[in-house]
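Q: Dropping in my_file.tsv, which is TSV, C-alpha atoms and all ligand atoms:
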```
chain	number	residue	atom	x	y	z
A	10	MET	CA	80.90	38.23	68.40
A	11	THR	CA	82.36	40.85	70.67
A	12	ALA	CA	85.13	42.83	69.06
A	13	LYS	CA	88.69	43.18	70.31
A	14	ILE	CA	89.20	46.79	71.38
A	15	LEU	CA	92.20	48.54	69.83
A	16	ASP	CA	93.90	50.50	72.59
A	17	GLY	CA	95.40	53.67	71.08
A	18	ASN	CA	96.86	54.73	74.41
A	19	ALA	CA	98.87	51.52	74.79
A	20	LEU	CA	100.18	51.59	71.22
A	21	SER	CA	101.00	55.30	71.56
A	22	ALA	CA	102.95	54.71	74.76
A	23	LYS	CA	105.04	52.07	72.99
A	24	LEU	CA	105.71	54.25	69.95
A	25	ARG	CA	106.43	57.33	72.08
A	26	GLU	CA	109.11	55.41	73.98
A	27	SER	CA	111.04	54.80	70.76
A	28	LEU	CA	110.39	58.39	69.63
A	29	ARG	CA	111.82	59.61	72.93
A	30	GLN	CA	115.01	57.66	72.22
A	31	ARG	CA	115.31	59.08	68.69
A	32	ALA	CA	114.72	62.61	70.02
A	33	ALA	CA	117.46	62.09	72.64
A	34	GLU	CA	119.91	60.89	69.96
A	35	LEU	CA	119.20	63.94	67.80
A	36	THR	CA	119.52	66.23	70.82
A	37	ALA	CA	122.91	64.66	71.62
A	38	GLN	CA	123.98	65.46	68.03
A	39	GLY	CA	123.01	69.11	68.64
A	40	CYS	CA	119.72	68.95	66.73
A	41	GLN	CA	116.89	68.73	69.26
A	42	PRO	CA	113.60	68.33	67.33
A	43	GLY	CA	111.44	71.45	67.64
A	44	LEU	CA	107.74	72.03	66.96
A	45	ALA	CA	105.97	75.40	66.77
A	46	VAL	CA	102.20	75.48	67.28
A	47	ILE	CA	100.08	78.45	66.24
A	48	LEU	CA	96.63	78.89	67.76
A	49	VAL	CA	94.35	81.73	66.70
A	50	GLY	CA	91.19	82.46	68.69
A	51	GLU	CA	89.56	80.77	71.66
A	52	ASN	CA	87.98	77.60	70.22
A	53	PRO	CA	87.84	75.40	73.36
A	54	ALA	CA	88.42	72.11	71.49
A	55	SER	CA	91.45	73.62	69.72
A	56	GLN	CA	92.82	74.85	73.05
A	57	VAL	CA	92.61	71.31	74.46
A	58	TYR	CA	94.24	69.79	71.35
A	59	VAL	CA	97.09	72.33	71.43
A	60	ARG	CA	97.68	71.80	75.14
A	61	ASN	CA	97.87	68.03	74.60
A	62	LYS	CA	100.29	68.44	71.68
A	63	ILE	CA	102.62	70.62	73.76
A	64	LYS	CA	102.46	68.20	76.71
A	65	ALA	CA	103.29	65.28	74.41
A	66	CYS	CA	106.33	67.17	73.08
A	67	GLU	CA	107.62	67.71	76.59
A	68	ALA	CA	107.18	64.03	77.45
A	69	VAL	CA	109.33	62.83	74.51
A	70	GLY	CA	111.96	65.57	74.64
A	71	VAL	CA	110.79	67.60	71.64
A	72	HIS	CA	111.30	71.36	72.03
A	73	SER	CA	107.98	73.19	71.60
A	74	GLU	CA	106.90	76.79	71.15
A	75	LYS	CA	103.30	77.95	71.33
A	76	TYR	CA	102.10	81.17	69.67
A	77	GLU	CA	98.60	82.32	70.57
A	78	PHE	CA	96.79	85.12	68.77
A	79	PRO	CA	93.42	86.69	69.57
A	80	ALA	CA	90.49	85.83	67.28
A	81	ASP	CA	90.52	89.27	65.58
A	82	THR	CA	94.21	89.10	64.55
A	83	PRO	CA	94.84	90.32	60.99
A	84	PRO	CA	96.07	87.40	58.83
A	85	GLU	CA	99.32	89.28	57.95
A	86	LYS	CA	100.48	88.99	61.57
A	87	VAL	CA	100.14	85.23	61.54
A	88	LEU	CA	101.78	85.01	58.10
A	89	GLN	CA	104.73	87.02	59.45
A	90	LYS	CA	105.11	84.60	62.37
A	91	ILE	CA	105.03	81.65	59.97
A	92	ALA	CA	107.74	83.28	57.82
A	93	ALA	CA	109.95	83.74	60.91
A	94	LEU	CA	109.41	80.11	61.96
A	95	ASN	CA	110.16	78.88	58.41
A	96	ALA	CA	113.59	80.51	58.77
A	97	ASP	CA	114.23	79.35	62.37
A	98	PRO	CA	116.70	76.43	62.48
A	99	LYS	CA	115.47	75.35	65.96
A	100	ILE	CA	112.03	74.60	64.47
A	101	HIS	CA	111.50	71.46	62.35
A	102	GLY	CA	107.72	71.36	62.43
A	103	ILE	CA	105.10	74.10	62.19
A	104	LEU	CA	101.45	73.43	62.94
A	105	VAL	CA	98.62	75.92	62.54
A	106	GLN	CA	95.68	74.61	64.53
A	107	LEU	CA	92.46	74.55	62.48
A	108	PRO	CA	89.84	75.92	62.17
A	109	LEU	CA	90.97	79.53	61.77
A	110	PRO	CA	88.67	82.54	62.32
A	111	PRO	CA	86.63	83.70	59.28
A	112	GLN	CA	88.95	86.54	58.17
A	113	PHE	CA	91.59	83.89	57.29
A	114	ASP	CA	91.98	82.08	53.99
A	115	GLU	CA	93.00	78.68	55.40
A	116	ASP	CA	94.65	77.54	52.18
A	117	GLU	CA	96.77	80.69	52.08
A	118	VAL	CA	97.97	80.06	55.64
A	119	LEU	CA	98.69	76.37	55.04
A	120	GLU	CA	100.65	77.16	51.87
A	121	ALA	CA	102.71	79.75	53.79
A	122	VAL	CA	104.19	77.00	55.99
A	123	SER	CA	107.42	75.66	54.48
A	124	ALA	CA	106.60	72.29	52.87
A	125	GLU	CA	109.74	70.95	54.62
A	126	LYS	CA	108.28	71.84	58.04
A	127	ASP	CA	104.64	70.96	57.30
A	128	VAL	CA	104.31	68.17	59.89
A	129	ASP	CA	100.51	68.18	59.46
A	130	GLY	CA	100.94	67.23	55.79
A	131	PHE	CA	98.40	69.86	54.71
A	132	HIS	CA	100.60	71.83	52.25
A	133	ALA	CA	99.52	71.29	48.62
A	134	GLU	CA	102.99	69.99	47.75
A	135	ASN	CA	102.79	67.35	50.48
A	136	VAL	CA	99.23	66.38	49.51
A	137	GLY	CA	100.51	65.99	45.94
A	138	LEU	CA	103.45	63.84	47.04
A	139	LEU	CA	101.09	61.60	49.03
A	140	ALA	CA	98.76	61.30	46.02
A	141	GLN	CA	101.76	60.22	43.95
A	142	GLY	CA	102.56	57.52	46.51
A	143	ASN	CA	105.79	59.23	47.55
A	144	PRO	CA	104.87	61.03	50.79
A	145	ARG	CA	107.11	63.52	52.61
A	146	PHE	CA	104.75	64.06	55.58
A	147	ILE	CA	101.57	62.04	56.10
A	148	SER	CA	98.69	63.80	57.88
A	149	CYS	CA	98.79	62.69	61.48
A	150	THR	CA	95.32	61.15	61.92
A	151	PRO	CA	95.33	58.91	58.83
A	152	TYR	CA	98.97	58.06	59.55
A	153	GLY	CA	97.92	56.99	63.06
A	154	VAL	CA	95.14	54.81	61.64
A	155	MET	CA	97.59	53.06	59.31
A	156	GLU	CA	99.97	52.44	62.25
A	157	MET	CA	97.13	50.91	64.28
A	158	LEU	CA	96.18	48.58	61.43
A	159	SER	CA	99.79	47.64	60.87
A	160	ALA	CA	100.40	46.98	64.61
A	161	GLU	CA	97.47	44.53	64.50
A	162	GLY	CA	98.99	42.81	61.47
A	163	ILE	CA	95.98	43.67	59.30
A	164	SER	CA	96.77	43.39	55.61
A	165	LEU	CA	94.76	45.75	53.40
A	166	ARG	CA	95.66	44.14	50.08
A	167	GLY	CA	92.47	43.44	48.14
A	168	LYS	CA	90.23	44.34	51.11
A	169	GLU	CA	87.09	46.42	50.76
A	170	ALA	CA	87.78	49.64	52.68
A	171	VAL	CA	85.05	52.22	53.13
A	172	VAL	CA	85.89	55.75	54.29
A	173	VAL	CA	82.95	57.81	55.55
A	174	GLY	CA	83.96	61.46	55.24
A	175	ARG	CA	85.89	63.36	52.57
A	176	SER	CA	87.69	66.06	54.56
A	177	ASN	CA	91.14	67.31	53.62
A	178	ILE	CA	92.37	66.48	57.14
A	179	VAL	CA	91.21	62.86	57.31
A	180	GLY	CA	88.98	61.43	54.57
A	181	LYS	CA	91.06	62.34	51.52
A	182	PRO	CA	94.53	61.44	52.85
A	183	MET	CA	93.06	58.27	54.44
A	184	THR	CA	91.71	57.27	51.03
A	185	LEU	CA	95.11	57.82	49.40
A	186	LEU	CA	96.89	55.74	52.04
A	187	LEU	CA	94.39	52.88	51.71
A	188	ILE	CA	94.80	52.90	47.92
A	189	GLY	CA	98.57	52.88	48.46
A	190	ALA	CA	98.12	49.78	50.63
A	191	SER	CA	96.20	48.09	47.77
A	192	ALA	CA	92.72	48.17	49.33
A	193	THR	CA	89.65	48.69	47.14
A	194	VAL	CA	88.38	51.99	48.50
A	195	THR	CA	84.91	53.53	48.53
A	196	VAL	CA	84.50	57.09	49.84
A	197	CYS	CA	81.10	58.04	51.27
A	198	HIS	CA	79.98	61.54	52.27
A	199	SER	CA	76.95	63.66	53.09
A	200	GLN	CA	75.47	63.21	49.61
A	201	THR	CA	75.91	59.41	49.48
A	202	ARG	CA	72.50	57.90	48.75
A	203	ASP	CA	72.50	54.62	50.66
A	204	LEU	CA	75.28	54.85	53.23
A	205	ALA	CA	74.46	51.53	54.92
A	206	PHE	CA	74.68	49.68	51.57
A	207	HIS	CA	78.30	50.77	51.34
A	208	THR	CA	79.31	50.42	54.99
A	209	ARG	CA	77.93	46.85	55.12
A	210	ARG	CA	80.38	45.85	52.39
A	211	ALA	CA	83.41	47.14	54.32
A	212	ASP	CA	86.09	44.77	55.61
A	213	VAL	CA	87.69	47.92	57.03
A	214	LEU	CA	85.37	50.79	57.90
A	215	ILE	CA	86.78	54.23	58.72
A	216	ALA	CA	84.32	56.76	60.18
A	217	ALA	CA	85.43	60.38	59.93
A	218	VAL	CA	82.34	62.55	59.66
A	219	GLY	CA	81.94	64.32	62.99
A	220	LYS	CA	78.39	63.03	63.68
A	221	PRO	CA	77.92	61.33	67.06
A	222	LYS	CA	77.13	57.58	66.89
A	223	MET	CA	76.09	57.82	63.25
A	224	ILE	CA	77.42	54.36	62.30
A	225	THR	CA	75.36	51.75	64.11
A	226	GLY	CA	75.88	48.00	64.48
A	227	GLU	CA	73.40	47.22	61.66
A	228	MET	CA	75.61	49.19	59.29
A	229	VAL	CA	78.69	47.06	60.04
A	230	LYS	CA	79.66	43.84	58.24
A	231	PRO	CA	80.13	40.94	60.68
A	232	GLY	CA	83.84	40.60	61.47
A	233	ALA	CA	84.78	44.04	60.08
A	234	VAL	CA	87.56	46.24	61.45
A	235	VAL	CA	85.96	49.50	62.59
A	236	ILE	CA	88.12	52.60	63.04
A	237	ASP	CA	86.38	55.58	64.62
A	238	VAL	CA	88.07	58.91	63.93
A	239	GLY	CA	85.22	61.05	65.31
A	240	ILE	CA	85.54	63.01	68.54
A	241	ASN	CA	82.16	64.50	69.44
A	242	ARG	CA	80.98	66.05	72.68
A	243	LEU	CA	77.50	65.00	73.81
A	244	PRO	CA	75.18	67.42	75.67
A	245	ASP	CA	76.13	65.70	78.98
A	246	GLY	CA	79.80	66.63	78.32
A	247	LYS	CA	80.91	63.06	77.53
A	248	LEU	CA	82.98	62.31	74.43
A	249	CYS	CA	81.79	59.87	71.79
A	250	GLY	CA	82.82	58.85	68.31
A	251	ASP	CA	81.05	58.69	64.96
A	252	VAL	CA	80.38	55.00	65.66
A	253	ASP	CA	77.76	53.73	68.08
A	254	PHE	CA	80.34	51.72	70.00
A	255	ASP	CA	77.93	49.53	72.01
A	256	SER	CA	76.08	48.14	69.00
A	257	ALA	CA	79.07	48.06	66.61
A	258	LYS	CA	81.33	46.14	68.99
A	259	GLU	CA	78.88	43.22	68.90
A	260	VAL	CA	79.33	42.89	65.14
A	261	ALA	CA	82.93	43.95	64.41
A	262	SER	CA	86.05	41.85	65.02
A	263	LEU	CA	88.18	44.87	65.97
A	264	ILE	CA	87.08	48.36	66.99
A	265	THR	CA	88.68	51.56	68.27
A	266	PRO	CA	87.11	53.28	71.29
A	267	VAL	CA	86.54	57.04	71.75
A	268	PRO	CA	88.31	58.35	73.71
A	269	GLY	CA	91.50	56.27	73.78
A	270	GLY	CA	91.56	55.03	70.18
A	271	VAL	CA	92.74	57.10	67.23
A	272	GLY	CA	93.05	60.37	69.24
A	273	PRO	CA	96.32	59.60	71.05
A	274	MET	CA	97.75	58.14	67.84
A	275	THR	CA	97.22	61.46	66.03
A	276	ILE	CA	99.48	63.24	68.50
A	277	THR	CA	102.02	60.40	68.41
A	278	MET	CA	102.31	60.70	64.63
A	279	LEU	CA	102.75	64.48	64.95
A	280	LEU	CA	105.75	63.76	67.19
A	281	ALA	CA	106.99	61.16	64.68
A	282	ASN	CA	106.74	63.68	61.81
A	283	THR	CA	108.55	66.36	63.82
A	284	ILE	CA	111.37	63.99	64.76
A	285	GLU	CA	111.61	62.75	61.16
A	286	SER	CA	111.85	66.36	60.00
A	287	ALA	CA	114.65	67.04	62.50
A	288	ASP	CA	116.39	63.88	61.31
A	289	ARG	CA	116.30	65.18	57.73
A	290	ALA	CA	117.58	68.60	58.85
A	291	ALA	CA	120.43	66.93	60.81
A	292	GLY	CA	121.41	64.92	57.73
A	293	LYS	CA	121.69	68.01	55.54
A	301	LIG	N1	92.07	70.59	63.66
A	301	LIG	C1	91.50	69.38	63.76
A	301	LIG	N2	92.39	68.41	63.49
A	301	LIG	C2	93.56	69.03	63.21
A	301	LIG	C3	94.87	68.54	62.86
A	301	LIG	O1	95.14	67.36	62.73
A	301	LIG	N3	95.79	69.51	62.66
A	301	LIG	C4	95.51	70.84	62.77
A	301	LIG	N4	96.49	71.70	62.53
A	301	LIG	N5	94.33	71.30	63.09
A	301	LIG	C5	93.35	70.39	63.30
```
Kindly transcribe the structure held in the file into structure tokens.
Ligand code: GUN

A:
Amino acid sequence: MTAKILDGNALSAKLRESLRQRAAELTAQGCQPGLAVILVGENPASQVYVRNKIKACEAVGVHSEKYEFPADTPPEKVLQKIAALNADPKIHGILVQLPLPPQFDEDEVLEAVSAEKDVDGFHAENVGLLAQGNPRFISCTPYGVMEMLSAEGISLRGKEAVVVGRSNIVGKPMTLLLIGASATVTVCHSQTRDLAFHTRRADVLIAAVGKPKMITGEMVKPGAVVIDVGINRLPDGKLCGDVDFDSAKEVASLITPVPGGVGPMTITMLLANTIESADRAAGK
């Protein structure tokens, strides 16, 4: 079997067209959606992500503001900026690009963002709401994965879903969403004893570990849906996922490529959360 390849760029383009229309409607009502992005330090991957987020805002008509701070910035300066953005009515979403330099307490920074503007869904209140099955903002990457599955008409009810990775950004919220969709969920991580035993049972396998090509074709159940959240740079400069695409695509029924799979969906869902937040502000 050779898997169907899930094209995240094509789905994103379709979703962004309807987001562009919603943004235009809100702008016409005098409430143009606005996103503020905070970047601290010179992490090259973060710089690329932030640039792409700002470009995506421009393309759909979302106002964006970028605030860059040098790596040695005292945390109070960033917290002050967040407080100002919390109070700014032009801004409906605030995103602090992670990771932050070592002098920062990441949790403290994430909690400083107003939960009503936390379009990343990282604030403890929003994590709690998601865990209760009543989300306000869903973290963009797992939200994008759910949209991809839904666009393919894949029902999760009763399915065996295996999430590899337990990060706050992807693994944990992904797990909560899959439970919410009535899958039977197993979470694997660095201390899991026999990873392949678990992955081979997965009808839906989500790889989010940050290890290049770690999930090989022999670890995939024939006919499984394989979602690769990893974005890793190889020594030759090429990007690859956590899944060994060439071997896995011969076993899976559906698979996401890297690049061009989940990545563009993450940014699309950030736009969706920002526009949703503006919608809520306009309705107030
Ligand atoms: N760093 C890696 N992924 C993300 C993300 O989704 N949001 C933020 N803010 N930082 C990240």

Q: Could you give me the residues within 12 Å of ligand LIG 301 (chain A), counting all atoms listed in the file, as a ChimeraX atom specification?

A: /A:45-49,52-59,62,102-109,115,118-119,122,127-132,147-153,176-180,182,217,219,238-241,271-279

Q: Name the closest residue to Gly17 in chain A among the candidates A:Gly269, A:Lys181, A:Gly292, A:Val136; distances are taken between atoms, counting all atoms listed in the file.

A: A:Gly269

Q: I'd like the neighbourhood of Lys13 in chain A as an MDAnalysis selection string, where a residue qualifies if any of its atoms comes within 8 Å (using all atoms listed in the file), though same-chain residues fewer than 4 positions away should be ignored.

A: chainID A and resid 262:264

Q: Name the closest residue to Arg166 in chain A among the candidates A:Leu248, A:Ala192, A:Leu35, A:Leu186; distances are taken between atoms, counting all atoms listed in the file.

A: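 Going through A:Leu248, A:Ala192, A:Leu35, A:Leu186 one by one, the smallest distance to Arg166 in chain A is for A:Ala192.
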
Q: Give me the residues within 6 Å of Val267 in chain A as an NGL selection string, counting all atoms listed in the file and dropping any in the same chain fewer than 2 places off.

A: :A and (249-250 or 269-270)

Q: Please report the interatomic distance between CA of Leu204 in chain A and CA of Leu15 in chain A in Å with one decimal.

A: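 These two atoms are separated by 24.5 Å.
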
Q: List the neighbours of range 87-91 of chain A out to 7 Å using only C-alpha atoms; skip same-chain residues closer than 2 positions along the sequence, and give me the result as a list of chain:residue names.

A: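 Close residues of range 87-91 of chain A: A:Pro84, A:Glu85, A:Ala93, A:Leu94, A:Asn95, A:Val118, A:Ala121, A:Val122.
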
Q: Point out the residue among A:Lys220, A:Lys247, A:Arg210, A:His72 with the least atom-to-atom distance to Ala32 in chain A, counting only C-alpha atoms.

A: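 Of A:Lys220, A:Lys247, A:Arg210, A:His72, the one nearest Ala32 in chain A is A:His72, counting only C-alpha atoms.
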
Q: Is there a way to complete range 242-258 of chain A with N, CA, C and O atoms and then write that out as a PDB file, in the coordinates of the input?

A:
```pdb
ATOM      1  N   ARG A 242      81.379  65.846  71.288  1.00  0.00           N
ATOM      2  CA  ARG A 242      80.980  66.050  72.680  1.00  0.00           C
ATOM      3  C   ARG A 242      79.462  65.999  72.766  1.00  0.00           C
ATOM      4  O   ARG A 242      78.764  66.712  72.046  1.00  0.00           O
ATOM      5  N   LEU A 243      78.955  65.127  73.626  1.00  0.00           N
ATOM      6  CA  LEU A 243      77.500  65.000  73.810  1.00  0.00           C
ATOM      7  C   LEU A 243      77.013  66.097  74.769  1.00  0.00           C
ATOM      8  O   LEU A 243      77.821  66.687  75.498  1.00  0.00           O
ATOM      9  N   PRO A 244      75.696  66.361  74.782  1.00  0.00           N
ATOM     10  CA  PRO A 244      75.180  67.420  75.670  1.00  0.00           C
ATOM     11  C   PRO A 244      75.565  67.209  77.148  1.00  0.00           C
ATOM     12  O   PRO A 244      75.732  68.171  77.886  1.00  0.00           O
ATOM     13  N   ASP A 245      75.751  65.946  77.567  1.00  0.00           N
ATOM     14  CA  ASP A 245      76.130  65.700  78.980  1.00  0.00           C
ATOM     15  C   ASP A 245      77.638  65.899  79.208  1.00  0.00           C
ATOM     16  O   ASP A 245      78.146  65.625  80.307  1.00  0.00           O
ATOM     17  N   GLY A 246      78.369  66.349  78.170  1.00  0.00           N
ATOM     18  CA  GLY A 246      79.800  66.630  78.320  1.00  0.00           C
ATOM     19  C   GLY A 246      80.686  65.447  77.987  1.00  0.00           C
ATOM     20  O   GLY A 246      81.899  65.590  77.865  1.00  0.00           O
ATOM     21  N   LYS A 247      80.085  64.248  77.830  1.00  0.00           N
ATOM     22  CA  LYS A 247      80.910  63.060  77.530  1.00  0.00           C
ATOM     23  C   LYS A 247      81.354  63.068  76.067  1.00  0.00           C
ATOM     24  O   LYS A 247      80.661  63.606  75.199  1.00  0.00           O
ATOM     25  N   LEU A 248      82.497  62.431  75.810  1.00  0.00           N
ATOM     26  CA  LEU A 248      82.980  62.310  74.430  1.00  0.00           C
ATOM     27  C   LEU A 248      82.432  61.038  73.805  1.00  0.00           C
ATOM     28  O   LEU A 248      82.292  60.011  74.478  1.00  0.00           O
ATOM     29  N   CYS A 249      82.124  61.109  72.512  1.00  0.00           N
ATOM     30  CA  CYS A 249      81.790  59.870  71.790  1.00  0.00           C
ATOM     31  C   CYS A 249      82.274  59.999  70.356  1.00  0.00           C
ATOM     32  O   CYS A 249      82.582  61.092  69.877  1.00  0.00           O
ATOM     33  N   GLY A 250      82.333  58.868  69.685  1.00  0.00           N
ATOM     34  CA  GLY A 250      82.820  58.850  68.310  1.00  0.00           C
ATOM     35  C   GLY A 250      81.691  58.985  67.297  1.00  0.00           C
ATOM     36  O   GLY A 250      80.548  59.295  67.645  1.00  0.00           O
ATOM     37  N   ASP A 251      82.041  58.717  66.043  1.00  0.00           N
ATOM     38  CA  ASP A 251      81.050  58.690  64.960  1.00  0.00           C
ATOM     39  C   ASP A 251      80.353  57.320  64.912  1.00  0.00           C
ATOM     40  O   ASP A 251      79.374  57.141  64.198  1.00  0.00           O
ATOM     41  N   VAL A 252      80.918  56.357  65.646  1.00  0.00           N
ATOM     42  CA  VAL A 252      80.380  55.000  65.660  1.00  0.00           C
ATOM     43  C   VAL A 252      79.634  54.784  66.971  1.00  0.00           C
ATOM     44  O   VAL A 252      80.093  55.209  68.032  1.00  0.00           O
ATOM     45  N   ASP A 253      78.482  54.133  66.874  1.00  0.00           N
ATOM     46  CA  ASP A 253      77.760  53.730  68.080  1.00  0.00           C
ATOM     47  C   ASP A 253      78.476  52.491  68.622  1.00  0.00           C
ATOM     48  O   ASP A 253      78.230  51.364  68.183  1.00  0.00           O
ATOM     49  N   PHE A 254      79.398  52.744  69.540  1.00  0.00           N
ATOM     50  CA  PHE A 254      80.340  51.720  70.000  1.00  0.00           C
ATOM     51  C   PHE A 254      79.615  50.474  70.519  1.00  0.00           C
ATOM     52  O   PHE A 254      79.971  49.349  70.177  1.00  0.00           O
ATOM     53  N   ASP A 255      78.571  50.676  71.339  1.00  0.00           N
ATOM     54  CA  ASP A 255      77.930  49.530  72.010  1.00  0.00           C
ATOM     55  C   ASP A 255      77.319  48.553  71.003  1.00  0.00           C
ATOM     56  O   ASP A 255      77.449  47.339  71.165  1.00  0.00           O
ATOM     57  N   SER A 256      76.671  49.069  69.978  1.00  0.00           N
ATOM     58  CA  SER A 256      76.080  48.140  69.000  1.00  0.00           C
ATOM     59  C   SER A 256      77.139  47.627  68.015  1.00  0.00           C
ATOM     60  O   SER A 256      77.132  46.447  67.656  1.00  0.00           O
ATOM     61  N   ALA A 257      78.079  48.480  67.613  1.00  0.00           N
ATOM     62  CA  ALA A 257      79.070  48.060  66.610  1.00  0.00           C
ATOM     63  C   ALA A 257      80.030  47.011  67.161  1.00  0.00           C
ATOM     64  O   ALA A 257      80.463  46.110  66.434  1.00  0.00           O
ATOM     65  N   LYS A 258      80.350  47.086  68.436  1.00  0.00           N
ATOM     66  CA  LYS A 258      81.330  46.140  68.990  1.00  0.00           C
ATOM     67  C   LYS A 258      80.780  44.708  69.032  1.00  0.00           C
ATOM     68  O   LYS A 258      81.538  43.746  69.114  1.00  0.00           O
TER      69      LYS A 258
END
```
